[in-house]
file target13.cif (mmCIF, C-alpha atoms and all ligand atoms)
data_model
loop_
_atom_site.label_atom_id
_atom_site.label_comp_id
_atom_site.auth_asym_id
_atom_site.auth_seq_id
_atom_site.Cartn_x
_atom_site.Cartn_y
_atom_site.Cartn_z
CA MET A 1 9.23 -32.04 59.20
CA SER A 2 11.00 -33.25 62.35
CA GLY A 3 13.87 -35.64 61.95
CA PHE A 4 14.54 -38.81 63.86
CA VAL A 5 17.02 -41.68 63.90
CA LEU A 6 15.97 -45.23 63.16
CA TRP A 7 18.80 -47.41 64.42
CA PHE A 8 18.93 -51.09 63.37
CA THR A 9 21.15 -53.31 65.50
CA GLY A 10 21.71 -57.06 65.29
CA LEU A 11 24.12 -59.75 64.22
CA SER A 12 25.78 -59.78 60.82
CA GLY A 13 23.30 -61.26 58.38
CA ALA A 14 20.34 -60.56 60.66
CA GLY A 15 18.63 -58.56 57.92
CA LYS A 16 19.35 -54.99 59.01
CA THR A 17 20.43 -53.70 55.60
CA THR A 18 17.77 -55.64 53.72
CA ILE A 19 14.93 -54.29 55.86
CA ALA A 20 16.39 -50.76 56.03
CA ASN A 21 16.59 -50.68 52.22
CA ILE A 22 12.83 -51.27 52.06
CA VAL A 23 12.00 -48.74 54.79
CA GLU A 24 14.14 -46.05 53.14
CA PRO A 25 12.02 -45.37 50.01
CA GLU A 26 8.86 -45.62 52.10
CA LEU A 27 10.05 -42.73 54.27
CA GLU A 28 10.98 -40.77 51.15
CA ARG A 29 7.51 -41.37 49.80
CA ARG A 30 6.17 -39.81 52.98
CA GLY A 31 8.13 -36.65 52.36
CA PHE A 32 11.28 -37.10 54.41
CA VAL A 33 14.80 -36.32 53.36
CA VAL A 34 16.38 -39.68 54.22
CA ASP A 35 19.96 -40.68 54.75
CA HIS A 36 20.99 -44.28 55.31
CA LEU A 37 24.24 -44.86 57.15
CA ASP A 38 24.98 -48.52 56.51
CA GLY A 39 27.77 -50.07 58.55
CA ASP A 40 29.50 -51.72 55.60
CA ILE A 41 29.50 -48.47 53.61
CA VAL A 42 30.52 -46.27 56.55
CA ARG A 43 33.55 -48.51 57.03
CA THR A 44 34.72 -47.69 53.49
CA HIS A 45 34.48 -43.91 54.07
CA LEU A 46 33.91 -42.28 57.47
CA SER A 47 35.48 -45.16 59.37
CA LYS A 48 37.97 -46.34 56.76
CA GLY A 49 40.96 -47.95 58.48
CA LEU A 50 39.12 -48.98 61.62
CA GLY A 51 39.10 -52.66 62.54
CA PHE A 52 36.96 -54.78 64.83
CA SER A 53 38.62 -54.42 68.23
CA LYS A 54 36.30 -53.09 70.92
CA GLU A 55 38.04 -49.74 70.72
CA ASP A 56 37.64 -49.46 66.94
CA ARG A 57 34.03 -50.62 67.07
CA ASP A 58 33.32 -48.00 69.73
CA THR A 59 34.93 -45.29 67.60
CA ASN A 60 32.90 -46.40 64.59
CA ILE A 61 29.61 -46.23 66.49
CA ALA A 62 30.50 -42.90 68.11
CA ARG A 63 31.12 -41.44 64.64
CA ILE A 64 27.90 -42.82 63.22
CA GLY A 65 25.98 -41.55 66.25
CA TRP A 66 27.46 -38.09 65.86
CA VAL A 67 26.65 -37.84 62.16
CA ALA A 68 23.16 -39.24 62.75
CA SER A 69 22.50 -36.64 65.44
CA ARG A 70 23.60 -33.80 63.15
CA LEU A 71 21.49 -34.97 60.24
CA SER A 72 18.39 -35.61 62.33
CA ARG A 73 18.74 -32.20 63.95
CA ALA A 74 18.69 -30.73 60.44
CA GLY A 75 15.38 -32.51 59.81
CA ALA A 76 16.39 -35.75 58.10
CA ALA A 77 15.06 -39.20 58.82
CA VAL A 78 18.31 -41.07 59.41
CA ILE A 79 18.48 -44.82 59.07
CA VAL A 80 21.46 -46.56 60.62
CA SER A 81 22.15 -50.24 59.99
CA ALA A 82 25.18 -51.33 61.96
CA ILE A 83 25.85 -54.34 64.17
CA SER A 84 26.52 -51.96 67.11
CA PRO A 85 27.09 -54.84 69.53
CA TYR A 86 27.73 -52.90 72.73
CA GLU A 87 24.88 -51.54 74.84
CA GLU A 88 27.06 -48.73 76.16
CA MET A 89 27.75 -47.37 72.67
CA ARG A 90 24.15 -47.68 71.56
CA ARG A 91 23.26 -45.68 74.66
CA HIS A 92 25.93 -43.14 73.76
CA ALA A 93 24.51 -42.74 70.25
CA ARG A 94 21.02 -42.45 71.70
CA SER A 95 22.09 -39.71 74.11
CA LEU A 96 23.73 -37.69 71.30
CA VAL A 97 20.62 -37.95 69.15
CA GLU A 98 18.08 -37.38 71.91
CA GLN A 99 19.51 -33.94 72.60
CA HIS A 100 17.58 -32.92 69.48
CA SER A 101 15.51 -35.74 68.01
CA PRO A 102 13.81 -39.04 68.77
CA PHE A 103 15.89 -42.23 68.63
CA VAL A 104 14.19 -45.47 67.66
CA GLU A 105 16.21 -48.60 68.28
CA VAL A 106 15.17 -51.66 66.27
CA TYR A 107 16.65 -54.95 67.38
CA VAL A 108 16.72 -57.34 64.43
CA ALA A 109 16.64 -60.38 66.66
CA THR A 110 17.66 -63.10 64.21
CA SER A 111 19.43 -65.89 66.08
CA LEU A 112 23.07 -66.75 65.53
CA GLU A 113 22.04 -70.15 64.14
CA GLU A 114 19.79 -68.55 61.53
CA CYS A 115 22.37 -65.89 60.59
CA ALA A 116 25.00 -68.60 60.18
CA ARG A 117 22.58 -70.64 58.07
CA ARG A 118 21.87 -67.65 55.78
CA ASP A 119 25.53 -66.58 55.75
CA PRO A 120 24.99 -64.18 52.80
CA LYS A 121 28.63 -63.10 52.69
CA GLY A 122 30.25 -66.39 53.72
CA LEU A 123 31.60 -64.70 56.83
CA TYR A 124 30.25 -67.18 59.38
CA ALA A 125 31.90 -70.10 57.62
CA ALA A 126 35.19 -68.22 57.74
CA ALA A 127 34.66 -67.16 61.37
CA PHE A 128 33.86 -70.72 62.52
CA ALA A 129 36.94 -71.93 60.64
CA GLY A 130 38.99 -69.43 62.66
CA GLU A 131 39.88 -67.37 59.60
CA ILE A 132 38.28 -64.17 60.94
CA GLN A 133 39.07 -62.89 64.42
CA ASP A 134 36.71 -60.84 66.60
CA PHE A 135 33.61 -61.87 64.67
CA THR A 136 30.40 -60.80 66.41
CA GLY A 137 28.43 -63.73 67.82
CA VAL A 138 31.30 -66.17 67.24
CA SER A 139 34.45 -64.70 68.77
CA ALA A 140 33.24 -61.27 69.88
CA PRO A 141 30.21 -60.41 72.00
CA TYR A 142 26.81 -59.16 70.97
CA GLU A 143 24.93 -57.57 73.85
CA GLU A 144 21.20 -57.90 73.27
CA PRO A 145 19.28 -54.64 73.54
CA LEU A 146 17.11 -54.46 76.63
CA HIS A 147 15.23 -51.27 75.82
CA ALA A 148 14.73 -51.30 72.06
CA GLU A 149 11.62 -49.55 70.79
CA LEU A 150 11.03 -52.56 68.55
CA ARG A 151 12.21 -56.16 68.50
CA LEU A 152 11.90 -57.76 65.07
CA GLU A 153 11.77 -61.51 64.62
CA THR A 154 12.66 -62.24 61.00
CA ILE A 155 12.15 -66.00 60.87
CA GLY A 156 8.90 -66.78 59.06
CA ARG A 157 8.42 -63.18 57.93
CA THR A 158 9.58 -61.69 54.66
CA PRO A 159 11.71 -58.53 54.64
CA PRO A 160 8.77 -56.44 53.31
CA GLU A 161 6.63 -57.72 56.19
CA SER A 162 9.34 -56.69 58.66
CA ALA A 163 9.57 -53.27 56.98
CA ILE A 164 5.82 -52.77 57.46
CA THR A 165 6.21 -53.57 61.17
CA VAL A 166 8.89 -50.88 61.39
CA ILE A 167 6.69 -48.29 59.65
CA ASP A 168 3.76 -49.23 61.92
CA ARG A 169 5.95 -48.67 64.98
CA LEU A 170 7.07 -45.26 63.68
CA GLU A 171 3.41 -44.38 63.21
CA GLU A 172 2.62 -45.48 66.77
CA LEU A 173 5.41 -43.23 68.00
CA ASN A 174 3.86 -40.32 66.06
CA LEU A 175 6.98 -39.81 63.98
CA LEU A 176 5.29 -39.94 60.59
CA PRO A 177 3.19 -37.11 59.19
CA VAL A 178 -0.53 -37.68 59.36
CA ARG A 179 -1.72 -38.43 55.88
CA VAL A 180 -4.50 -36.00 55.03
CA GLU A 181 -6.65 -37.07 52.13
CA SER A 182 -6.66 -34.43 49.43
CA GLU A 183 -9.94 -32.56 49.20
CA VAL A 184 -9.36 -31.90 45.51
CA GLU A 185 -10.39 -34.86 43.40
P1 LIG B 201 22.85 -57.33 57.99
O1 LIG B 201 22.68 -55.95 57.38
O2 LIG B 201 22.05 -57.48 59.26
O3 LIG B 201 24.25 -57.81 58.11
P2 LIG B 201 21.86 -58.21 55.47
O4 LIG B 201 20.56 -57.48 55.28
O5 LIG B 201 23.07 -57.69 54.79
O6 LIG B 201 22.12 -58.35 57.03
O7 LIG B 201 21.71 -59.73 55.08
C1 LIG B 201 20.62 -60.51 55.49
C2 LIG B 201 20.47 -61.63 54.49
O8 LIG B 201 19.46 -62.55 54.93
C3 LIG B 201 20.06 -61.14 53.11
O9 LIG B 201 20.79 -61.85 52.16
C4 LIG B 201 18.56 -61.48 53.07
O10 LIG B 201 18.10 -61.66 51.76
C5 LIG B 201 18.54 -62.77 53.86
N1 LIG B 201 17.25 -63.11 54.46
C6 LIG B 201 16.66 -64.31 54.32
N2 LIG B 201 15.47 -64.35 54.95
C7 LIG B 201 15.30 -63.14 55.52
C8 LIG B 201 14.25 -62.56 56.30
N3 LIG B 201 13.15 -63.26 56.62
N4 LIG B 201 14.39 -61.28 56.73
C9 LIG B 201 15.51 -60.57 56.41
N5 LIG B 201 16.53 -61.05 55.66
C10 LIG B 201 16.43 -62.33 55.20
#

call {"tool": "encode", "arguments": {"input": "target13.cif", "output": "structure tokens", "more": "lines below"}}
Ligand code: ADP
result
Amino acid sequence: MSGFVLWFTGLSGAGKTTIANIVEPELERRGFVVDHLDGDIVRTHLSKGLGFSKEDRDTNIARIGWVASRLSRAGAAVIVSAISPYEEMRRHARSLVEQHSPFVEVYVATSLEECARRDPKGLYAAAFAGEIQDFTGVSAPYEEPLHAELRLETIGRTPPESAITVIDRLEELNLLPVRVESEVE
């Protein structure tokens, strides 16, 4: 089976991890070896010690892009959920991956207002109070993707509904195996 990279980008709290966690078992069910590189987890291992300056963010995304390209080349379906706020670094990750495998960028386009309203980790409250520096959308930029393969609006749609939209898009892009009905009853 051919690997690919499914790259979720968007603001903190947009829903990247939540939606990716639903897509992940669905891809496994369809026979893929799946790895999920989640930004928060990567920062406790591969990128431990990196902060949130532009330079550190760029290093973090370059590392994730490199690992994703290796795994997809080996045949895995790789899910990345990381804010990845800079277009240049998303393009860099894409170019590493596309040497071997398709790259599918999903922009989880939840607005700053909605992310701040959800505030699942209390980070927006702290960022608006000035307690966190370089916080994406508040005191650090988020560059909206211009060429994403899919733009997901999450307001008014449940996470499972968003996950179905992602799977549908992968099907459209011919990245999922055709399901052949068994001839043996
Ligand atoms: P991210 O990975 O983008 O930082 P998370 O998935 O960690 O975001 O957090 C998103 C939060 O928003 C979760 O707590 C999720 O339950 C909540 N949420 C509320 N409504 C939605 C929705 N319609 N789609 C996705 N997430 C939602």

call {"tool": "residues_near_ligand", "arguments": {"input": "target13.cif", "ligand": "ligand LIG 201 (chain B)", "cutoff": "6 Å", "atoms": "all atoms listed in the file", "output": "mmCIF file with C-alpha atoms, in the frame of the given file"}}
result
data_model
loop_
_atom_site.group_PDB
_atom_site.id
_atom_site.type_symbol
_atom_site.label_atom_id
_atom_site.label_comp_id
_atom_site.auth_asym_id
_atom_site.auth_seq_id
_atom_site.Cartn_x
_atom_site.Cartn_y
_atom_site.Cartn_z
ATOM 1 C CA LEU A 11 24.120 -59.750 64.220
ATOM 2 C CA SER A 12 25.780 -59.780 60.820
ATOM 3 C CA GLY A 13 23.300 -61.260 58.380
ATOM 4 C CA ALA A 14 20.340 -60.560 60.660
ATOM 5 C CA GLY A 15 18.630 -58.560 57.920
ATOM 6 C CA LYS A 16 19.350 -54.990 59.010
ATOM 7 C CA THR A 17 20.430 -53.700 55.600
ATOM 8 C CA THR A 18 17.770 -55.640 53.720
ATOM 9 C CA ARG A 118 21.870 -67.650 55.780
ATOM 10 C CA PRO A 120 24.990 -64.180 52.800
ATOM 11 C CA THR A 154 12.660 -62.240 61.000
ATOM 12 C CA ILE A 155 12.150 -66.000 60.870
ATOM 13 C CA ARG A 157 8.420 -63.180 57.930
ATOM 14 C CA THR A 158 9.580 -61.690 54.660
ATOM 15 C CA PRO A 159 11.710 -58.530 54.640
#

call {"tool": "axis_aligned_box", "arguments": {"input": "target13.cif", "around": "stretch 83-94 of chain A", "padding_each_side": "8 Å", "output": "JSON"}}
result
{"center_x": 24.4, "center_y": -48.6, "center_z": 70.2, "size_x": 22.7, "size_y": 28.4, "size_z": 28.0}

call {"tool": "residues_around", "arguments": {"input": "target13.cif", "residues": "stretch 122-136 of chain A", "least_positions_apart": "3", "cutoff": "7 Å", "atoms": "only C-alpha atoms", "output": "VMD selection string"}}
result
chain A and resid 11 52 to 53 116 119 139 to 142

call {"tool": "residues_around", "arguments": {"input": "target13.cif", "residues": "A:Thr110", "least_positions_apart": "2", "cutoff": "7 Å", "atoms": "all atoms listed in the file", "output": "ChimeraX atom specification"}}
result
/A:14,108,112,114-115,153-154

call {"tool": "residues_around", "arguments": {"input": "target13.cif", "residues": "A:Val106", "least_positions_apart": "5", "cutoff": "7 Å", "atoms": "only C-alpha atoms", "output": "PyMOL selection string"}}
result
chain A and resi 7-9+148-151

call {"tool": "write_last_selection", "arguments": {"input": "target13.cif", "atoms": "C-alpha atoms", "output": "PDB file, in the coordinates of the input"}}
result
ATOM      1  CA  TRP A   7      18.800 -47.410  64.420  1.00  0.00           C
ATOM      2  CA  PHE A   8      18.930 -51.090  63.370  1.00  0.00           C
ATOM      3  CA  THR A   9      21.150 -53.310  65.500  1.00  0.00           C
ATOM      4  CA  ALA A 148      14.730 -51.300  72.060  1.00  0.00           C
ATOM      5  CA  GLU A 149      11.620 -49.550  70.790  1.00  0.00           C
ATOM      6  CA  LEU A 150      11.030 -52.560  68.550  1.00  0.00           C
ATOM      7  CA  ARG A 151      12.210 -56.160  68.500  1.00  0.00           C
TER       8      ARG A 151
END

call {"tool": "residues_around", "arguments": {"input": "target13.cif", "residues": "A:Gly75", "least_positions_apart": "5", "cutoff": "9 Å", "atoms": "only C-alpha atoms", "output": "number ranges by chain"}}
result
A: 1-4, 32-33, 70, 101

call {"tool": "closest_residue", "arguments": {"input": "target13.cif", "among": "A:Lys48, A:His92, A:His100, A:Arg57", "to": "A:Arg73", "atoms": "all atoms listed in the file"}}
result
A:His100

call {"tool": "residues_near_point", "arguments": {"input": "target13.cif", "point": "(7.1, -48.1, 62.8)", "cutoff": "12 Å", "atoms": "all atoms listed in the file", "output": "ChimeraX atom specification"}}
result
/A:4-7,20,23,26-27,104-106,149-152,161-176

call {"tool": "closest_residue", "arguments": {"input": "target13.cif", "among": "A:Thr44, A:Pro177, A:Met89, A:Gly49", "to": "A:Arg29", "atoms": "all atoms listed in the file"}}
result
A:Pro177

call {"tool": "residues_near_point", "arguments": {"input": "target13.cif", "point": "(33.9, -46.5, 71.8)", "cutoff": "12 Å", "atoms": "all atoms listed in the file", "output": "compact mmCIF listing (two decimals) with C-alpha atoms, in the frame of the given file"}}
result
# COMPACT_ATOMS: atom_id res chain seq x y z
CA LEU A 50 39.12 -48.98 61.62
CA PHE A 52 36.96 -54.78 64.83
CA SER A 53 38.62 -54.42 68.23
CA LYS A 54 36.30 -53.09 70.92
CA GLU A 55 38.04 -49.74 70.72
CA ASP A 56 37.64 -49.46 66.94
CA ARG A 57 34.03 -50.62 67.07
CA ASP A 58 33.32 -48.00 69.73
CA THR A 59 34.93 -45.29 67.60
CA ASN A 60 32.90 -46.40 64.59
CA ILE A 61 29.61 -46.23 66.49
CA ALA A 62 30.50 -42.90 68.11
CA ARG A 63 31.12 -41.44 64.64
CA ILE A 64 27.90 -42.82 63.22
CA GLY A 65 25.98 -41.55 66.25
CA SER A 84 26.52 -51.96 67.11
CA PRO A 85 27.09 -54.84 69.53
CA TYR A 86 27.73 -52.90 72.73
CA GLU A 87 24.88 -51.54 74.84
CA GLU A 88 27.06 -48.73 76.16
CA MET A 89 27.75 -47.37 72.67
CA ARG A 90 24.15 -47.68 71.56
CA ARG A 91 23.26 -45.68 74.66
CA HIS A 92 25.93 -43.14 73.76
CA ALA A 93 24.51 -42.74 70.25

call {"tool": "atom_distance", "arguments": {"input": "target13.cif", "atom1": "atom CA of A:Tyr107", "atom2": "atom CA of A:Glu144"}}
result
8.0 Å

call {"tool": "atom_distance", "arguments": {"input": "target13.cif", "atom1": "atom CA of A:Ala74", "atom2": "atom CA of A:Asn21"}}
result
21.7 Å

call {"tool": "closest_residue", "arguments": {"input": "target13.cif", "among": "A:Ser69, A:Ile22, A:Ala76, A:Ser81", "to": "A:Arg43", "atoms": "only C-alpha atoms"}}
result
A:Ser81

call {"tool": "atom_distance", "arguments": {"input": "target13.cif", "atom1": "atom CA of A:Pro102", "atom2": "atom CA of A:Ala82"}}
result
18.1 Å

call {"tool": "closest_residue", "arguments": {"input": "target13.cif", "among": "A:Arg94, A:Arg30, A:Arg117, A:His45", "to": "A:Trp66", "atoms": "all atoms listed in the file"}}
result
A:Arg94
